[in-house]
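**Student:** Quick one, start04.tsv (TSV, C-alpha atoms):
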```tsv
chain	number	residue	atom	x	y	z
A	42	MET	CA	-195.45	-23.85	-48.61
A	43	ILE	CA	-192.83	-25.98	-50.31
A	44	ALA	CA	-191.55	-22.81	-52.01
A	45	LEU	CA	-191.00	-21.08	-48.67
A	46	ILE	CA	-189.22	-24.15	-47.27
A	47	GLY	CA	-186.90	-24.20	-50.29
A	48	LEU	CA	-186.14	-20.48	-49.97
A	49	VAL	CA	-185.40	-20.70	-46.24
A	50	ALA	CA	-183.24	-23.79	-46.83
A	51	GLY	CA	-181.24	-21.86	-49.43
A	52	VAL	CA	-180.69	-18.88	-47.10
A	53	LEU	CA	-179.66	-21.17	-44.23
A	54	LEU	CA	-177.32	-23.06	-46.54
A	55	GLY	CA	-175.70	-19.84	-47.66
A	56	LEU	CA	-175.30	-18.50	-44.11
A	57	LEU	CA	-173.90	-21.79	-42.82
A	58	LEU	CA	-171.52	-22.57	-45.66
A	59	GLN	CA	-170.48	-18.95	-46.36
A	60	PRO	CA	-169.09	-19.76	-49.78
A	61	THR	CA	-166.58	-17.28	-51.14
A	62	VAL	CA	-167.56	-15.85	-54.49
A	63	PRO	CA	-164.66	-15.98	-56.96
A	64	LEU	CA	-163.54	-12.56	-58.15
A	65	TRP	CA	-164.54	-13.06	-61.78
A	66	LEU	CA	-168.08	-13.93	-60.68
A	67	GLN	CA	-168.58	-10.95	-58.39
A	68	PRO	CA	-169.88	-8.45	-60.99
A	69	TYR	CA	-172.60	-10.91	-61.99
A	70	LEU	CA	-173.89	-11.63	-58.47
A	71	PRO	CA	-176.09	-8.50	-58.06
A	72	ILE	CA	-177.42	-8.89	-61.61
A	73	ALA	CA	-178.24	-12.56	-60.95
A	74	ILE	CA	-180.08	-11.57	-57.76
A	75	VAL	CA	-182.17	-8.95	-59.54
A	76	ALA	CA	-183.02	-11.48	-62.26
A	77	ALA	CA	-183.94	-14.06	-59.61
A	78	LEU	CA	-186.17	-11.52	-57.85
A	79	ASP	CA	-187.89	-10.81	-61.15
A	80	ALA	CA	-188.61	-14.53	-61.66
A	81	MET	CA	-189.78	-14.86	-58.05
A	82	PHE	CA	-192.27	-12.03	-58.21
A	83	GLY	CA	-193.47	-13.17	-61.61
A	84	GLY	CA	-194.15	-16.60	-60.11
A	85	LEU	CA	-195.86	-15.15	-57.05
A	86	ARG	CA	-198.13	-13.04	-59.24
A	87	ALA	CA	-199.02	-16.07	-61.38
A	88	ARG	CA	-199.72	-18.06	-58.22
A	89	LEU	CA	-202.13	-15.42	-56.98
A	90	GLU	CA	-203.82	-15.29	-60.37
A	91	GLY	CA	-204.14	-19.06	-60.25
A	92	ILE	CA	-202.10	-19.75	-63.36
A	93	PHE	CA	-198.79	-20.74	-61.76
A	94	ASP	CA	-196.75	-23.31	-63.62
A	95	GLU	CA	-193.57	-24.83	-62.21
A	96	LYS	CA	-191.98	-25.41	-65.58
A	97	VAL	CA	-192.52	-21.82	-66.67
A	98	PHE	CA	-191.04	-20.66	-63.36
A	99	VAL	CA	-187.90	-22.83	-63.64
A	100	VAL	CA	-187.32	-21.88	-67.27
A	101	SER	CA	-187.94	-18.17	-66.69
A	102	PHE	CA	-185.55	-18.13	-63.73
A	103	LEU	CA	-182.76	-19.89	-65.63
A	104	SER	CA	-183.17	-17.83	-68.80
A	105	ASN	CA	-183.44	-14.55	-66.86
A	106	THR	CA	-180.27	-15.07	-64.87
A	107	ILE	CA	-178.28	-16.50	-67.76
A	108	ILE	CA	-179.30	-13.78	-70.23
A	109	ALA	CA	-178.72	-11.01	-67.67
A	110	ALA	CA	-175.25	-12.38	-66.87
A	111	LEU	CA	-174.53	-12.82	-70.57
A	112	ILE	CA	-175.48	-9.22	-71.37
A	113	VAL	CA	-173.24	-7.92	-68.58
A	114	PHE	CA	-170.41	-10.22	-69.69
A	115	LEU	CA	-170.74	-9.03	-73.26
A	116	GLY	CA	-170.78	-5.42	-72.03
A	117	ASP	CA	-167.61	-6.04	-70.03
A	118	GLN	CA	-165.90	-7.36	-73.14
A	119	LEU	CA	-167.05	-4.33	-75.15
A	120	GLY	CA	-166.13	-1.86	-72.41
A	121	VAL	CA	-169.71	-0.79	-71.65
A	122	GLY	CA	-170.30	-3.25	-68.79
A	123	SER	CA	-171.55	-0.72	-66.27
A	124	GLN	CA	-173.96	0.88	-68.77
A	125	LEU	CA	-175.40	-2.49	-69.77
A	126	SER	CA	-175.70	-3.49	-66.09
A	127	THR	CA	-177.71	-0.30	-65.57
A	128	GLY	CA	-179.90	-1.22	-68.53
A	129	VAL	CA	-180.50	-4.72	-67.20
A	130	VAL	CA	-181.32	-3.39	-63.73
A	131	VAL	CA	-183.72	-0.78	-65.17
A	132	VAL	CA	-185.62	-3.32	-67.29
A	133	LEU	CA	-185.82	-5.93	-64.54
A	134	GLY	CA	-186.68	-3.23	-62.00
A	135	ILE	CA	-189.65	-2.10	-64.11
A	136	ARG	CA	-190.83	-5.70	-64.35
A	137	ILE	CA	-190.43	-6.26	-60.62
A	138	PHE	CA	-192.39	-3.12	-59.83
A	139	SER	CA	-195.24	-3.96	-62.16
A	140	ASN	CA	-195.41	-7.52	-60.79
A	141	VAL	CA	-195.38	-6.30	-57.20
A	142	ALA	CA	-198.10	-3.79	-58.08
A	143	ALA	CA	-200.25	-6.64	-59.48
A	144	ILE	CA	-199.59	-8.71	-56.34
A	145	ARG	CA	-200.59	-5.75	-54.19
A	146	ARG	CA	-203.82	-5.31	-56.16
A	147	LYS	CA	-204.63	-9.00	-55.69
A	148	LEU	CA	-203.84	-9.07	-51.97
A	149	PHE	CA	-205.24	-5.76	-50.78
A	150	LYS	CA	-207.69	-5.03	-53.60
A	151	ALA	CA	-206.15	-1.57	-53.77
B	37	MET	CA	-190.86	0.33	-76.75
B	38	SER	CA	-193.07	-2.69	-76.19
B	39	LEU	CA	-191.92	-2.91	-72.56
B	40	LEU	CA	-193.20	0.56	-71.74
B	41	ALA	CA	-196.29	0.12	-73.95
B	42	ASP	CA	-197.19	-3.10	-72.12
B	43	LEU	CA	-196.48	-1.42	-68.81
B	44	PHE	CA	-198.84	1.46	-69.51
B	45	ALA	CA	-201.48	-0.92	-70.91
B	46	GLY	CA	-201.41	-2.76	-67.57
B	47	LYS	CA	-200.64	-6.06	-69.24
B	48	ALA	CA	-198.52	-8.78	-67.66
B	49	LEU	CA	-194.94	-8.21	-68.73
B	50	ASP	CA	-194.24	-11.92	-68.81
B	51	PRO	CA	-196.97	-13.67	-70.78
B	52	GLY	CA	-195.39	-17.11	-70.20
B	53	TYR	CA	-197.72	-18.08	-67.36
B	54	ALA	CA	-200.87	-16.98	-69.18
B	55	GLU	CA	-199.84	-18.97	-72.27
B	56	ALA	CA	-199.08	-22.05	-70.21
B	57	ALA	CA	-202.46	-21.79	-68.50
B	58	GLU	CA	-204.17	-21.49	-71.87
B	59	ARG	CA	-202.31	-24.53	-73.15
B	60	ARG	CA	-203.33	-26.50	-70.07
B	61	ALA	CA	-206.93	-25.50	-70.47
B	62	ALA	CA	-206.88	-26.53	-74.13
B	63	ALA	CA	-205.30	-29.90	-73.20
B	64	ALA	CA	-207.92	-30.47	-70.48
B	65	GLU	CA	-210.68	-29.64	-72.94
B	66	SER	CA	-209.41	-32.09	-75.56
B	67	ALA	CA	-208.91	-34.71	-72.84
B	68	ALA	CA	-212.47	-34.20	-71.62
B	69	GLY	CA	-213.66	-34.48	-75.22
B	70	SER	CA	-212.00	-37.87	-75.63
B	71	THR	CA	-212.93	-40.94	-73.61
B	72	ALA	CA	-209.67	-41.02	-71.56
B	73	ASP	CA	-209.83	-40.14	-67.84
B	74	GLY	CA	-207.69	-37.80	-65.65
B	75	ALA	CA	-204.43	-39.72	-66.07
B	76	ALA	CA	-204.09	-38.75	-69.71
B	77	PRO	CA	-202.87	-35.09	-69.44
B	78	GLY	CA	-200.02	-36.01	-67.09
B	79	ALA	CA	-198.66	-38.72	-69.35
B	80	SER	CA	-197.05	-36.35	-71.91
B	81	ARG	CA	-195.28	-34.26	-69.18
B	82	PRO	CA	-192.43	-35.28	-66.85
B	83	GLY	CA	-193.47	-36.78	-63.53
B	84	PRO	CA	-194.65	-34.38	-60.81
B	85	LEU	CA	-191.78	-35.42	-58.53
B	86	ALA	CA	-189.10	-34.36	-61.05
B	87	ARG	CA	-190.87	-31.02	-61.67
B	88	HIS	CA	-191.20	-30.40	-57.94
B	89	SER	CA	-187.53	-31.08	-57.37
B	90	PHE	CA	-186.54	-28.64	-60.14
B	91	PHE	CA	-188.81	-26.03	-58.59
B	92	VAL	CA	-187.38	-26.51	-55.11
B	93	ALA	CA	-183.82	-26.52	-56.47
B	94	VAL	CA	-184.38	-23.15	-58.14
B	95	LEU	CA	-185.76	-21.70	-54.92
B	96	VAL	CA	-182.81	-23.07	-52.95
B	97	VAL	CA	-180.51	-21.39	-55.47
B	98	VAL	CA	-182.40	-18.09	-55.07
B	99	GLY	CA	-182.08	-18.29	-51.29
B	100	LEU	CA	-178.42	-19.15	-51.63
B	101	LEU	CA	-177.85	-16.14	-53.89
B	102	LEU	CA	-179.51	-13.79	-51.41
B	103	ALA	CA	-177.53	-15.15	-48.47
B	104	VAL	CA	-174.25	-14.99	-50.39
B	105	ALA	CA	-174.92	-11.40	-51.47
B	106	VAL	CA	-175.69	-10.32	-47.91
B	107	GLU	CA	-172.58	-12.10	-46.69
B	108	GLU	CA	-170.49	-10.49	-49.43
B	109	VAL	CA	-171.66	-6.98	-48.55
B	110	ARG	CA	-171.08	-7.57	-44.84
B	111	ARG	CA	-167.61	-8.93	-45.54
B	112	SER	CA	-166.47	-6.12	-47.84
B	113	GLU	CA	-167.49	-3.35	-45.44
B	114	PRO	CA	-164.65	-3.76	-42.90
B	115	VAL	CA	-162.23	-4.21	-45.78
B	116	ALA	CA	-163.15	-0.80	-47.22
B	117	HIS	CA	-162.95	0.74	-43.76
B	118	LYS	CA	-159.53	-0.77	-43.14
B	119	GLU	CA	-158.32	0.41	-46.52
B	120	ARG	CA	-159.38	3.97	-45.74
B	121	ALA	CA	-157.78	3.90	-42.29
B	122	ARG	CA	-154.55	2.65	-43.86
B	123	LEU	CA	-154.53	5.50	-46.39
B	124	VAL	CA	-155.23	8.10	-43.70
B	125	GLY	CA	-152.41	6.66	-41.60
B	126	GLU	CA	-150.06	6.78	-44.56
B	127	ILE	CA	-150.93	10.42	-45.25
B	128	ARG	CA	-150.29	11.36	-41.62
B	129	GLY	CA	-146.98	9.48	-41.62
B	130	ARG	CA	-145.79	11.14	-44.81
B	131	THR	CA	-146.83	14.58	-43.57
B	132	SER	CA	-144.87	14.24	-40.36
B	133	GLU	CA	-141.95	12.88	-42.38
B	134	THR	CA	-142.04	15.97	-44.60
B	135	ASP	CA	-142.23	18.22	-41.54
B	136	ALA	CA	-139.20	16.53	-40.02
B	137	LEU	CA	-137.27	16.90	-43.28
B	138	GLN	CA	-138.25	20.57	-43.46
B	139	ARG	CA	-136.98	21.13	-39.92
B	140	ARG	CA	-133.75	19.32	-40.75
B	141	LEU	CA	-133.36	21.51	-43.84
B	142	GLU	CA	-133.73	24.63	-41.69
B	143	ASP	CA	-131.18	23.32	-39.20
B	144	LEU	CA	-128.70	22.48	-41.94
B	145	ARG	CA	-129.16	25.87	-43.54
B	146	LEU	CA	-128.45	27.62	-40.23
B	147	GLU	CA	-125.43	25.39	-39.72
B	148	THR	CA	-124.10	26.23	-43.19
B	149	GLU	CA	-124.60	29.94	-42.56
B	150	ARG	CA	-122.72	29.69	-39.28
B	151	LEU	CA	-119.82	27.71	-40.77
B	152	ARG	CA	-119.59	30.09	-43.70
B	153	ALA	CA	-119.51	33.07	-41.36
B	154	VAL	CA	-116.75	31.47	-39.27
B	155	ALA	CA	-114.71	30.60	-42.35
B	156	LEU	CA	-115.07	34.07	-43.83
B	157	THR	CA	-114.00	35.97	-40.68
B	158	ARG	CA	-110.48	34.43	-40.89
B	159	SER	CA	-109.17	36.85	-43.50
B	160	ASP	CA	-109.62	40.41	-44.71
B	161	ALA	CA	-110.83	39.25	-48.11
B	162	GLY	CA	-113.20	36.91	-46.36
B	163	ARG	CA	-114.66	39.69	-44.27
B	164	ARG	CA	-115.17	41.80	-47.39
B	165	THR	CA	-116.85	38.84	-49.09
B	166	ARG	CA	-119.04	38.37	-46.06
B	167	GLY	CA	-120.29	41.93	-46.18
B	168	GLU	CA	-120.96	41.62	-49.88
B	169	LEU	CA	-122.70	38.31	-49.34
B	170	ALA	CA	-124.97	39.80	-46.69
B	171	ARG	CA	-125.93	42.62	-49.04
B	172	VAL	CA	-126.59	40.27	-51.95
B	173	ALA	CA	-128.50	37.81	-49.79
B	174	ALA	CA	-130.76	40.60	-48.53
B	175	ALA	CA	-131.39	41.72	-52.11
B	176	ALA	CA	-132.17	38.17	-53.20
B	177	ALA	CA	-134.48	37.65	-50.21
B	178	ALA	CA	-132.38	34.70	-49.13
B	179	THR	CA	-132.48	35.74	-45.47
B	180	SER	CA	-135.37	36.72	-43.27
B	181	ALA	CA	-135.82	40.45	-42.69
B	182	SER	CA	-137.53	42.58	-40.06
B	183	GLY	CA	-138.08	46.20	-39.20
B	184	GLY	CA	-140.61	48.97	-39.65
B	185	ALA	CA	-143.07	48.40	-42.43
B	186	LEU	CA	-145.90	49.82	-44.47
B	187	VAL	CA	-148.79	47.35	-44.62
B	188	VAL	CA	-151.38	47.57	-47.40
B	189	THR	CA	-154.41	45.31	-47.05
B	190	LEU	CA	-156.54	44.58	-50.11
B	191	ASP	CA	-159.81	42.70	-49.93
B	192	ASP	CA	-162.59	41.77	-52.33
B	193	ALA	CA	-165.68	43.96	-52.30
B	194	PRO	CA	-168.30	42.79	-49.79
B	195	GLY	CA	-171.29	40.84	-51.14
B	196	GLY	CA	-171.33	38.76	-54.28
B	197	ALA	CA	-169.84	35.87	-52.39
B	198	ASP	CA	-172.84	33.59	-52.01
B	199	GLY	CA	-176.43	33.78	-53.13
B	200	ASP	CA	-175.46	36.37	-55.73
B	201	ASP	CA	-175.24	35.29	-59.35
B	202	ARG	CA	-173.90	38.54	-60.73
B	203	PRO	CA	-170.37	38.29	-62.08
B	204	PRO	CA	-168.07	39.43	-59.30
B	205	THR	CA	-166.71	42.81	-60.33
B	206	GLY	CA	-165.24	43.69	-56.96
B	207	ARG	CA	-162.53	41.04	-56.99
B	208	VAL	CA	-158.85	41.72	-56.49
B	209	TYR	CA	-156.93	40.57	-59.57
B	210	ASP	CA	-153.29	39.68	-60.00
B	211	GLN	CA	-152.78	42.94	-61.93
B	212	ASP	CA	-153.85	45.01	-58.94
B	213	LEU	CA	-151.35	43.22	-56.72
B	214	GLN	CA	-148.62	43.65	-59.36
B	215	ILE	CA	-149.24	47.40	-59.57
B	216	LEU	CA	-149.29	47.68	-55.79
B	217	VAL	CA	-146.05	45.71	-55.35
B	218	ASN	CA	-144.27	47.66	-58.09
B	219	GLY	CA	-145.42	50.90	-56.49
B	220	LEU	CA	-144.02	49.79	-53.14
B	221	TRP	CA	-140.66	48.83	-54.70
B	222	ALA	CA	-140.59	52.24	-56.39
B	223	ALA	CA	-141.35	53.91	-53.06
B	224	GLY	CA	-138.15	52.44	-51.66
B	225	ALA	CA	-139.20	49.21	-49.96
B	226	THR	CA	-136.29	46.93	-49.11
B	227	ALA	CA	-138.31	43.72	-48.79
B	228	ILE	CA	-141.89	42.82	-49.64
B	229	GLY	CA	-144.07	39.91	-48.65
B	230	ILE	CA	-147.68	39.03	-49.46
B	231	ASN	CA	-149.55	37.10	-46.76
B	232	GLY	CA	-146.24	36.04	-45.28
B	233	GLN	CA	-144.85	34.93	-48.64
B	234	ARG	CA	-141.56	36.70	-49.40
B	235	LEU	CA	-141.14	38.17	-52.85
B	236	THR	CA	-137.86	37.95	-54.71
B	237	SER	CA	-136.93	39.85	-57.85
B	238	THR	CA	-138.18	36.92	-59.95
B	239	THR	CA	-141.34	35.98	-58.03
B	240	ALA	CA	-144.37	35.75	-60.27
B	241	ILE	CA	-147.75	37.17	-59.24
B	242	ARG	CA	-150.38	35.73	-61.50
B	243	SER	CA	-153.85	34.28	-61.35
B	244	ALA	CA	-155.07	30.80	-62.16
B	245	GLY	CA	-158.82	30.52	-62.31
B	246	GLU	CA	-160.13	32.49	-59.35
B	247	ALA	CA	-157.06	32.23	-57.16
B	248	ILE	CA	-154.06	34.53	-57.14
B	249	LEU	CA	-150.77	32.66	-57.14
B	250	VAL	CA	-147.63	34.12	-55.64
B	251	ASP	CA	-144.57	32.04	-56.37
B	252	TYR	CA	-147.05	29.44	-57.72
B	253	ARG	CA	-148.71	29.08	-54.34
B	254	PRO	CA	-152.37	30.07	-54.08
B	255	LEU	CA	-153.34	32.83	-51.66
B	256	SER	CA	-156.76	33.71	-50.32
B	257	PRO	CA	-158.08	37.20	-49.57
B	258	PRO	CA	-157.55	39.47	-47.74
B	259	TYR	CA	-154.14	40.12	-49.28
B	260	GLU	CA	-151.79	41.74	-46.82
B	261	VAL	CA	-148.79	43.27	-48.55
B	262	THR	CA	-145.99	44.10	-46.12
B	263	ALA	CA	-143.20	46.37	-47.34
B	264	LEU	CA	-140.15	46.80	-45.10
B	265	GLY	CA	-138.27	50.09	-45.11
B	266	ASP	CA	-138.28	53.55	-43.59
B	267	ARG	CA	-141.92	53.82	-42.54
B	268	ASP	CA	-142.46	57.55	-42.93
B	269	ARG	CA	-140.55	57.88	-46.19
B	270	LEU	CA	-142.32	54.82	-47.58
B	271	ARG	CA	-145.67	56.22	-46.60
B	272	ALA	CA	-144.98	59.62	-48.13
B	273	ALA	CA	-143.52	58.19	-51.35
B	274	PHE	CA	-146.32	55.66	-51.75
B	275	GLY	CA	-148.99	58.26	-51.05
B	276	ASP	CA	-147.92	60.24	-54.11
B	277	SER	CA	-147.48	57.25	-56.42
B	278	SER	CA	-149.67	56.16	-59.28
B	279	ALA	CA	-150.10	52.78	-57.50
B	280	ASN	CA	-151.90	54.56	-54.66
B	281	ARG	CA	-154.12	56.37	-57.17
B	282	HIS	CA	-154.91	53.00	-58.74
B	283	LEU	CA	-155.97	51.67	-55.32
B	284	ARG	CA	-158.21	54.68	-54.71
B	285	ALA	CA	-159.80	54.18	-58.13
B	286	LEU	CA	-160.46	50.52	-57.31
B	287	GLU	CA	-162.02	51.56	-54.02
B	288	ASP	CA	-164.27	54.16	-55.64
B	289	GLN	CA	-165.40	52.17	-58.65
B	290	PHE	CA	-165.54	48.55	-57.47
B	291	GLY	CA	-165.73	48.75	-53.70
B	292	ILE	CA	-162.45	46.91	-53.25
B	293	ARG	CA	-161.26	47.68	-49.76
B	294	ALA	CA	-157.73	49.03	-49.51
B	295	ASP	CA	-156.23	49.94	-46.17
B	296	VAL	CA	-152.75	51.45	-45.68
B	297	HIS	CA	-151.14	51.60	-42.27
B	298	THR	CA	-147.66	51.43	-40.75
B	299	LYS	CA	-146.36	48.73	-38.47
B	300	ARG	CA	-143.45	48.98	-36.05
B	301	GLY	CA	-141.92	45.48	-35.91
B	302	ALA	CA	-142.80	43.48	-39.02
B	303	ARG	CA	-140.96	40.29	-39.88
B	304	LEU	CA	-140.68	38.59	-43.26
B	305	PRO	CA	-139.32	35.06	-43.71
B	306	ALA	CA	-136.68	34.14	-46.24
B	307	ALA	CA	-138.00	33.26	-49.68
B	308	GLY	CA	-138.50	29.63	-50.52
B	309	ALA	CA	-135.81	27.56	-52.20
B	310	LEU	CA	-133.54	29.77	-54.26
B	311	ARG	CA	-132.12	28.18	-57.37
B	312	LEU	CA	-128.64	28.96	-58.58
B	313	ARG	CA	-128.86	30.03	-62.19
B	314	TYR	CA	-125.30	30.89	-63.19
B	315	ALA	CA	-123.08	29.59	-60.41
B	316	ARG	CA	-121.51	26.18	-60.97
B	317	GLU	CA	-119.90	23.86	-58.49
B	318	GLU	CA	-116.12	23.95	-58.80
B	319	THR	CA	-114.85	20.67	-60.22
B	320	SER	CA	-112.16	19.38	-57.92
B	321	GLY	CA	-108.77	18.30	-59.27
```
The structure in this file should be written as structure tokens.
**Tutor:**
Amino acid sequence: MIALIGLVAGVLLGLLLQPTVPLWLQPYLPIAIVAALDAMFGGLRARLEGIFDEKVFVVSFLSNTIIAALIVFLGDQLGVGSQLSTGVVVVLGIRIFSNVAAIRRKLFKA
Amino acid sequence: MSLLADLFAGKALDPGYAEAAERRAAAAESAAGSTADGAAPGASRPGPLARHSFFVAVLVVVGLLLAVAVEEVRRSEPVAHKERARLVGEIRGRTSETDALQRRLEDLRLETERLRAVALTRSDAGRRTRGELARVAAAAAATSASGGALVVTLDDAPGGADGDDRPPTGRVYDQDLQILVNGLWAAGATAIGINGQRLTSTTAIRSAGEAILVDYRPLSPPYEVTALGDRDRLRAAFGDSSANRHLRALEDQFGIRADVHTKRGARLPAAGALRLRYAREETSG
């Protein structure tokens, strides 16, 4: 419940404030969102399995986003930014799918 | 490939939660083993309030990220649209500008012709020069020409265009057009144009990739070669020429369609920009 309230508060905050993303940060925004989604679904799965832990969630979110952004930043410096972004999205996408599949199995028993 | 191996094994890709749960269970077990009560496990960790606030802060950040991304996409859409509209507008503007310049060029050319004609009629020498100029200009395709004409239409063989992977054998090549044009010159044509493109004595007919270029401008089939001159003499002379035999051979062997007919009032435009090769502007004084 408190998680949902926090999420909705964040969305409302973003829609109300409409912060402008600085240009140098724009390539990292989609990557950060995919990393955040990965952490979210991982947490949701753990919650349904009854082993959720707030500390693990916070740490996994921070490390996911920071490492994903770091990889893309490093790729940009090396000139392979788009390829590394693709790699990050593929890996996180696989994780998101497997987590969502586990959630689906828990919820619908199918 | 531990990611894929774990994926196929159906294991959790992030074992962090499972490990934390195990650790908690172990701590609870040791706490139950000792004499301490329920307050003991919480003592080594930060207070529940601090952990809750971290958790909520992370979720607020996630929500913020989502909202900002949506906002960003919505904001950049009209920008891209505007950019495109601006480019299209610029292209239209430049095209009409070029058209206007082209028209002005035509006007100025006509004006120059007229002034030159007026200036040359003032003296005998001038009149002679004018006659010579007219002859030379006609030979150099610098003026438009009209009159009776022999029209030869060449087209690629039917089929093989789409849904057919065989190499197209029935295509008209630059060589065929060269032979045809040379045959028409030899038959006494005074001016020749291909698809409305006037040929001069130095115009190149060549191919680049699949397209035939005349004066470096690509043409598309069917190729209509118009040769001005005495229609009947042209027809008779061309009928006996080796160029005509070449066309018949193409028709028989490759199915290339070649059609020869005469036309009463054909008109050919002047050739594009003619460059002066040897003439120099007179230096004044």
**Student:** Report, in Å with one decimal, the straight-line distance from atom CA of B:Ala285 to atom CA of B:Gly184.
**Tutor:**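 Going from atom CA of B:Ala285 over to atom CA of B:Gly184 covers 27.1 Å.
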**Student:** Would you pick out the contacts of B:Gly99 at 10 Å or less, using only C-alpha atoms, so that residues sharing its chain but fewer than 5 positions from it are not included, and give the list as a PyMOL selection string?
**Tutor:** (chain A and resi 45+47-56+74+77) or (chain B and resi 93-94+104-105)
**Student:** What box, with edges along x, y and z, holds each listed atom of stretch 81-84 of chain A when 5 Å is added on every side, and can you state its centre and edge lengths in Å to one decimal, as AutoDock Vina command-line options?
**Tutor:**
```
--center_x -192.0 --center_y -14.3 --center_z -59.8 --size_x 14.4 --size_y 14.6 --size_z 13.6
```
**Student:** Can you list every residue of chain B that has an atom at most 8 Å from chain A, with its nearest atom pair and the distance in Å to one decimal, using only C-alpha atoms, ordered by chain then number, as CSV?
**Tutor:**
```
residue,atom,partner,partner_atom,distance
B:Leu43,CA,A:Ser139,CA,7.2
B:Ala48,CA,A:Asn140,CA,7.6
B:Leu49,CA,A:Arg136,CA,6.5
B:Asp50,CA,A:Gly83,CA,7.3
B:Gly52,CA,A:Val97,CA,6.5
B:Tyr53,CA,A:Ile92,CA,6.2
B:Ala54,CA,A:Ile92,CA,6.6
B:Ala56,CA,A:Asp94,CA,7.1
B:Ala57,CA,A:Ile92,CA,5.5
B:Arg87,CA,A:Glu95,CA,6.8
B:His88,CA,A:Glu95,CA,7.4
B:Phe90,CA,A:Val99,CA,6.9
B:Phe91,CA,A:Val99,CA,6.0
B:Val92,CA,A:Gly47,CA,5.4
B:Ala93,CA,A:Gly47,CA,7.3
B:Val94,CA,A:Val99,CA,6.5
B:Leu95,CA,A:Leu48,CA,5.1
B:Val96,CA,A:Gly51,CA,4.0
B:Val97,CA,A:Gly51,CA,6.1
B:Val98,CA,A:Ala77,CA,6.3
B:Gly99,CA,A:Gly51,CA,4.1
B:Leu100,CA,A:Gly51,CA,4.5
B:Leu101,CA,A:Ile74,CA,6.4
B:Leu102,CA,A:Ile74,CA,6.8
B:Ala103,CA,A:Val52,CA,5.1
B:Val104,CA,A:Gly55,CA,5.8
B:Ala105,CA,A:Leu70,CA,7.1
B:Glu107,CA,A:Gln59,CA,7.2
B:Glu108,CA,A:Val62,CA,7.9
```
**Student:** Skipping near chain neighbours, those fewer than 2 positions away, what residues fall within 9 Å of A:Pro68 using only C-alpha atoms, listed as a list in words?
**Tutor:** Leu64, Trp65, Leu66, Leu70, Pro71, Ile72, Ala110, Val113 and Phe114 of chain A
**Student:** For the residues in the current selection, export C-alpha atoms as a CSV table (one decimal), in the coordinates of the input.
**Tutor:**
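The resulting file, part24.csv, is reproduced below:
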```
chain,number,residue,atom,x,y,z
A,64,LEU,CA,-163.5,-12.6,-58.2
A,65,TRP,CA,-164.5,-13.1,-61.8
A,66,LEU,CA,-168.1,-13.9,-60.7
A,70,LEU,CA,-173.9,-11.6,-58.5
A,71,PRO,CA,-176.1,-8.5,-58.1
A,72,ILE,CA,-177.4,-8.9,-61.6
A,110,ALA,CA,-175.2,-12.4,-66.9
A,113,VAL,CA,-173.2,-7.9,-68.6
A,114,PHE,CA,-170.4,-10.2,-69.7
```
**Student:** Report, in Å to a single decimal, how far apart atom CA of B:His282 and atom CA of B:Ala227 are.
**Tutor:**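 Those two atoms sit 21.5 Å apart.
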**Student:** So how many Å separate atom CA of B:Asn231 and atom CA of B:Gln214, to one decimal?
**Tutor:**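 A separation of 14.2 Å between them.
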**Student:** What's around B:Ala174 at 12 Å? Count all atoms listed in the file, leave out sequence neighbours fewer than 4 positions away in its own chain, and write the answer as a tab-separated table (two decimals) with C-alpha atoms, in the coordinates of the input.
**Tutor:**
```
chain	number	residue	atom	x	y	z
B	167	GLY	CA	-120.29	41.93	-46.18
B	168	GLU	CA	-120.96	41.62	-49.88
B	169	LEU	CA	-122.70	38.31	-49.34
B	170	ALA	CA	-124.97	39.80	-46.69
B	178	ALA	CA	-132.38	34.70	-49.13
B	179	THR	CA	-132.48	35.74	-45.47
B	180	SER	CA	-135.37	36.72	-43.27
B	181	ALA	CA	-135.82	40.45	-42.69
B	182	SER	CA	-137.53	42.58	-40.06
B	226	THR	CA	-136.29	46.93	-49.11
B	227	ALA	CA	-138.31	43.72	-48.79
B	228	ILE	CA	-141.89	42.82	-49.64
B	234	ARG	CA	-141.56	36.70	-49.40
B	235	LEU	CA	-141.14	38.17	-52.85
B	236	THR	CA	-137.86	37.95	-54.71
B	237	SER	CA	-136.93	39.85	-57.85
B	264	LEU	CA	-140.15	46.80	-45.10
B	304	LEU	CA	-140.68	38.59	-43.26
B	305	PRO	CA	-139.32	35.06	-43.71
B	306	ALA	CA	-136.68	34.14	-46.24
B	307	ALA	CA	-138.00	33.26	-49.68
```
**Student:** Have a look at A:Leu133, A:Val141, A:Leu148, A:Leu85 and name the one nearest to A:Thr106; count all atoms listed in the file.
**Tutor:** A:Leu133
**Student:** Have a look at B:Thr262, B:Thr238, B:Gln211, B:Thr298 and name the one nearest to B:Leu283; count all atoms listed in the file.
**Tutor:**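 Looking only at the distances to B:Leu283, the closest residue turns out to be B:Gln211.
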